[in-house]
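J.: My questions will all concern the structure given below.
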Amino acid sequence: MCPDLNLHPVVIDADRPGDLNWIYQADAALRPASIDLEDLPIAVDWSRKRMLWMIYGSCHLDLIASVMARITDCSEVVVLESESVDAYGLEPDERDGLIQWILNERLTIIAGGSLMQRVQKLIELVDINRLDGWKPLLSKTLMSRRPEETQKLFEQLGAGINSKIMSKGTYLTVAQHYFRNTLINAPLVSEGGVLSRWSDARKDRPVLVVSAGPSLNKQLPLLAENQDLFTILAVNTVWPILKKHGIVPDVMLALDRNSKAAWPVNSVSPDTAFFVDLGCAPRLMWSHDHNHMITTCDPVTSAIAGALGASTEYLRTGGSVATSAFALAEVLGANPIVFIGQDLALTDGKDHAEGYPHTYNANTLKNRTDNGFDVDGYHGGRVRTERQLMYYKTWFERRASELTDRLIINATEGGARINGTVQLPFATVCREIQATRLRKTPLMPPTPTRIDPAHMAKLSHNLVTLCKDVQEFRKIATEARALCRRMGGRPSQKQLKRLDRLNQRIRQEDPISKTIVNLMGLKKFEAIRYKTHTGQGMDDIKDAIDKYDEVYQNIETGAETALKMLEDMGRFYQRVAERGEIALDLLDEIDPA
């Protein structure tokens, strides 16, 4: 059946080449002229590897063939149509030529639907494990003909793809540290079902998300007078600022792997729930002995924690604790969800609110400002933001577009405009809620967090099992590496079959132990994958065997690092079980300050 191209986009790639038959039915003589590669606005480095080259506004076989002849073999091309597909037509030989590029997995065409639908589809399709960057091929002629459409297109596309690239880069940097934190914090996980119990606990009630943006301070006197109107979800770093104004948040959230507690030990109000990600900084999590509500935002470390016996529920995040707070407001069923302190910009040249404990130094602030870019401001005009804040802004805007049944109010009164939210003065929001006579009730009673002997025994037992699985994985890699060294450059068929069997055993090995080892060597595995995909040093069978040897060596090294960490955790769990209490000095050896 022919897809309805007026309703949604169609992706034509190696998995769905037949859909090419349904489009481009118009007279080929009526289609727009092809892009001139000599009419590009800036010079292009065609030698870049693992690139996604995006052709916008043209689907001509000659153009695509010319691009394919210039780019590297490990790069790909996507055509993102700029007009209705009815404006394009293909001759039979052109259609056949495009099919060949599609079947060779070098070309993808996205056609139909609205322009923004096609952009979103492209963002979903980008595989950042195979591609390192992207570059539009857009003629100056087309840019001058549709400047507004073109600007909107590339702002949306750039934000989406750069967000995926940033997510991957962040994960490569933090994954091992986050995993270690998860192991250290596992003793504090005694029960699950947190989010299930809290689901719709504030259905159709106002929830306020308090962040640490520069505009926060001006809202605090009003919040102090009206804090009984909202269930207040606050990021952990605003605690001293709220404390100064006598504001007690209902929930304090923490996410970052390096955060330091912004409060003296055990000084957070017993009326405040301590909503902490399992991978966040141990000294922050262990600085508090009550009201722990522990979730996770990372499915990888969550699976490992579950294998240990420290199961937690998943809470969506956009990479910052403020986005996690928004996700919790969703779970609570909040309506409206109100923001203050959510500048997402360097408002008036400041990075955070006054009283924030970790403001940028002058050099960092200057560097981030110089390397930032301008976006639409809350009060109009343009304001300066930075790449990371733009990532969070994009996340909020995407969630706002998906939650069509919620009223999301940005009462920050400063910083960047968050598309999809309603901008209202905070005083107006307070006045309207006062008129409803809605008042909040406590989310949870004060609940001590205790060290459970049975839980500690389960952790220790499962840790031993994990160690054995990792040792078995290392043993297979050692055997495979020894075989590679014996094979040299002229392996026999018998040796190749044995290598295949060992690779099959590696694929069938316990997934948790493989995940742990992979976490210990993420950057090295990524480097090996890059060389393999680009074909660097892959000229003959000996090169392939050498690459296998690199993989096995990385497995051995990762396994040894993992075993050392797991053994350290075993001793730590024993000390925790013996003490039977939450005490910061227990972390002195496992997590030095």
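Quick note on naming: the chains in the structure tokens go A, B, ... in the order shown, residues restart at 1 in each chain, and ligands are numbered from 1 in order of appearance.
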With only C-alpha atoms as the counted atoms, please give the residues lying no more than 9 Å from range 335-344 of chain A, apart from itself and same-chain residues fewer than 6 positions off, as an MDAnalysis selection string.
T.: chainID A and resid 202:217 219 322 326 329 352:353 378 385:386 388:390 392:393 405:418 426 429
J.: Would you put the residues from that selection into a file with C-alpha atoms, as a compact mmCIF listing (two decimals), in the first residue's frame?
T.:
```txt
# COMPACT_ATOMS: atom_id res chain seq x y z
CA ARG A 202 0.04 15.06 43.14
CA LYS A 203 -2.35 14.50 40.29
CA ASP A 204 -3.65 17.84 39.00
CA ARG A 205 -1.85 19.65 41.81
CA PRO A 206 0.84 22.32 41.35
CA VAL A 207 4.47 21.21 41.57
CA LEU A 208 7.34 23.70 41.56
CA VAL A 209 10.77 22.75 40.13
CA VAL A 210 13.43 24.97 41.70
CA SER A 211 16.75 25.24 39.86
CA ALA A 212 19.88 27.28 40.48
CA GLY A 213 19.80 29.70 37.54
CA PRO A 214 20.84 33.36 38.02
CA SER A 215 17.21 34.56 38.13
CA LEU A 216 16.30 32.43 41.15
CA ASN A 217 17.14 34.91 43.91
CA GLN A 219 11.74 34.78 43.35
CA ALA A 322 16.62 19.70 37.00
CA PHE A 326 10.79 17.50 35.91
CA ALA A 329 6.86 15.91 38.57
CA HIS A 352 24.26 30.51 38.77
CA ALA A 353 22.22 32.15 41.51
CA TYR A 378 12.59 34.99 28.03
CA THR A 385 23.89 30.20 26.48
CA GLU A 386 26.37 27.33 26.28
CA GLN A 388 25.38 21.97 27.81
CA LEU A 389 22.55 24.32 28.77
CA MET A 390 21.29 24.14 25.18
CA TYR A 392 18.92 20.68 28.59
CA LYS A 393 16.78 23.32 26.87
CA ASP A 405 -2.25 17.29 28.67
CA ARG A 406 -0.09 19.27 31.14
CA LEU A 407 0.24 23.00 31.72
CA ILE A 408 3.95 23.79 31.98
CA ILE A 409 4.68 27.28 33.25
CA ASN A 410 8.07 28.96 33.06
CA ALA A 411 8.03 31.56 35.83
CA THR A 412 11.79 32.07 35.80
CA GLU A 413 11.41 35.60 34.44
CA GLY A 414 14.86 35.57 32.94
CA GLY A 415 17.28 33.54 30.84
CA ALA A 416 16.21 31.65 27.71
CA ARG A 417 12.75 31.10 26.32
CA ILE A 418 11.66 27.45 26.67
CA PHE A 426 5.73 34.01 39.48
CA VAL A 429 1.14 31.94 39.37
```
J.: What lies within 7 Å of Phe179 in chain A using only C-alpha atoms, ignoring chain neighbours under 4 positions off, as a ChimeraX atom specification?
T.: /A:175,183,279,301
J.: Could you please determine the separation between CA of Met54 in chain A and CA of Ile161 in chain A in Å, to one decimal place?
T.: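 CA of Ile161 in chain A lies at a distance of 12.2 Å from CA of Met54 in chain A.
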J.: Counting only C-alpha atoms, what is within 9 Å of Ala307 in chain A, bar same-chain residues fewer than 3 positions away, as an MDAnalysis selection string?
T.: chainID A and resid 302:304 310:311 462:463 466 512
J.: Rank A:Asn129, A:Leu153, A:Asp13, A:Asp277 by their smallest atom-to-atom distance to Leu103 in chain A, using only C-alpha atoms, and report the top residue only.
T.: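 That would be A:Asp13, the residue with the smallest distance to Leu103 in chain A.
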J.: Using only C-alpha atoms for the distances, tell me which of A:Ala480, A:Leu131, A:Ala111, A:Leu438 is nearest to His8 in chain A.
T.: A:Ala111
J.: So the first atom is CA of Gln151 in chain A and the second is CA of His379 in chain A; what is the distance between them in Å, to one decimal place?
T.: 21.3 Å
J.: Could you please determine the separation between CA of Ile241 in chain A and CA of Thr369 in chain A in Å, to one decimal place?
T.: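 About the pair CA of Ile241 in chain A and CA of Thr369 in chain A: they are 24.7 Å apart.
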J.: Going by DSSP on the backbone, which residues of range 401-448 of chain A come out as strand (DSSP E)? List them as an MDAnalysis selection string.
T.: chainID A and resid 408:410 422:423
J.: Within 12 Å of Val248 in chain A, counting only C-alpha atoms, which residues show up once you throw out same-chain ones fewer than 2 positions away? Write them as a PyMOL selection string, please.
T.: chain A and resi 210+220+223-228+230-234+238-246+250-252+267-273+442
J.: Go ahead and dump the residues you just picked, C-alpha atoms, as a PDB file, in the first residue's frame.
T.:
```
ATOM      1  CA  VAL A 210      13.430  24.967  41.703  1.00  0.00           C
ATOM      2  CA  LEU A 220      12.712  33.519  46.807  1.00  0.00           C
ATOM      3  CA  LEU A 223       8.286  31.573  47.432  1.00  0.00           C
ATOM      4  CA  ALA A 224       8.969  31.843  51.169  1.00  0.00           C
ATOM      5  CA  GLU A 225       5.516  33.408  51.625  1.00  0.00           C
ATOM      6  CA  ASN A 226       3.774  30.864  49.371  1.00  0.00           C
ATOM      7  CA  GLN A 227       5.652  27.603  49.874  1.00  0.00           C
ATOM      8  CA  ASP A 228       2.498  25.881  51.160  1.00  0.00           C
ATOM      9  CA  PHE A 230       3.422  23.952  45.895  1.00  0.00           C
ATOM     10  CA  THR A 231       5.034  20.581  46.230  1.00  0.00           C
ATOM     11  CA  ILE A 232       8.605  21.867  45.897  1.00  0.00           C
ATOM     12  CA  LEU A 233      11.164  19.764  44.024  1.00  0.00           C
ATOM     13  CA  ALA A 234      14.604  21.334  44.438  1.00  0.00           C
ATOM     14  CA  VAL A 238      20.024  25.183  46.049  1.00  0.00           C
ATOM     15  CA  TRP A 239      19.656  23.873  49.621  1.00  0.00           C
ATOM     16  CA  PRO A 240      21.740  26.636  51.281  1.00  0.00           C
ATOM     17  CA  ILE A 241      19.928  29.301  49.238  1.00  0.00           C
ATOM     18  CA  LEU A 242      16.496  27.964  50.266  1.00  0.00           C
ATOM     19  CA  LYS A 243      17.631  27.459  53.868  1.00  0.00           C
ATOM     20  CA  LYS A 244      18.585  31.134  54.106  1.00  0.00           C
ATOM     21  CA  HIS A 245      14.989  32.086  53.207  1.00  0.00           C
ATOM     22  CA  GLY A 246      13.328  29.521  55.476  1.00  0.00           C
ATOM     23  CA  ASP A 250       9.389  18.567  49.813  1.00  0.00           C
ATOM     24  CA  VAL A 251      11.981  16.730  47.702  1.00  0.00           C
ATOM     25  CA  MET A 252      15.696  17.268  47.305  1.00  0.00           C
ATOM     26  CA  SER A 267      20.894  18.516  58.610  1.00  0.00           C
ATOM     27  CA  VAL A 268      18.310  18.276  55.834  1.00  0.00           C
ATOM     28  CA  SER A 269      14.799  18.614  57.240  1.00  0.00           C
ATOM     29  CA  PRO A 270      13.053  15.331  58.150  1.00  0.00           C
ATOM     30  CA  ASP A 271      10.130  16.654  56.088  1.00  0.00           C
ATOM     31  CA  THR A 272      12.238  16.529  52.925  1.00  0.00           C
ATOM     32  CA  ALA A 273      12.441  13.357  50.825  1.00  0.00           C
ATOM     33  CA  PRO A 442       3.492  15.805  53.082  1.00  0.00           C
TER      34      PRO A 442
END
```
J.: Calculated over only C-alpha atoms, which of the candidates A:Ile433, A:Val194, A:Val67, A:Leu98 has the smallest distance to Leu229 in chain A?
T.: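 For Leu229 in chain A, the nearest of the candidates is A:Ile433.
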J.: For range 133-238 of chain A against range 550-571 of chain A, with a cut-off of 10 Å and counting only C-alpha atoms, what is the closest atom pair and its distance in Å to one decimal for every residue that makes the cut, ordered by chain and number, as JSON lines?
T.:
```
{"residue": "A:Gln176", "atom": "CA", "partner": "A:Ala562", "partner_atom": "CA", "distance": 9.9}
{"residue": "A:Arg180", "atom": "CA", "partner": "A:Met565", "partner_atom": "CA", "distance": 7.8}
{"residue": "A:Leu183", "atom": "CA", "partner": "A:Met569", "partner_atom": "CA", "distance": 7.1}
{"residue": "A:Ile184", "atom": "CA", "partner": "A:Met569", "partner_atom": "CA", "distance": 7.1}
```
J.: Excluding Asn236 in chain A and residues on its chain fewer than 3 positions from it, collect all residues at most 9 Å away from it, counting only C-alpha atoms, and give them as a PDB file with C-alpha atoms, in the first residue's frame.
T.:
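Written file, out-v6.pdb:
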```pdb
ATOM      1  CA  SER A 211      16.753  25.240  39.858  1.00  0.00           C
ATOM      2  CA  TRP A 239      19.656  23.873  49.621  1.00  0.00           C
ATOM      3  CA  MET A 252      15.696  17.268  47.305  1.00  0.00           C
ATOM      4  CA  LEU A 253      17.131  15.626  44.190  1.00  0.00           C
ATOM      5  CA  ALA A 254      20.745  14.664  43.415  1.00  0.00           C
ATOM      6  CA  LEU A 255      22.213  13.115  40.276  1.00  0.00           C
ATOM      7  CA  SER A 259      28.476  16.532  43.739  1.00  0.00           C
ATOM      8  CA  ALA A 261      26.733  17.815  49.927  1.00  0.00           C
ATOM      9  CA  ALA A 262      25.589  21.417  50.223  1.00  0.00           C
ATOM     10  CA  VAL A 321      19.182  17.084  38.109  1.00  0.00           C
TER      11      VAL A 321
END
```
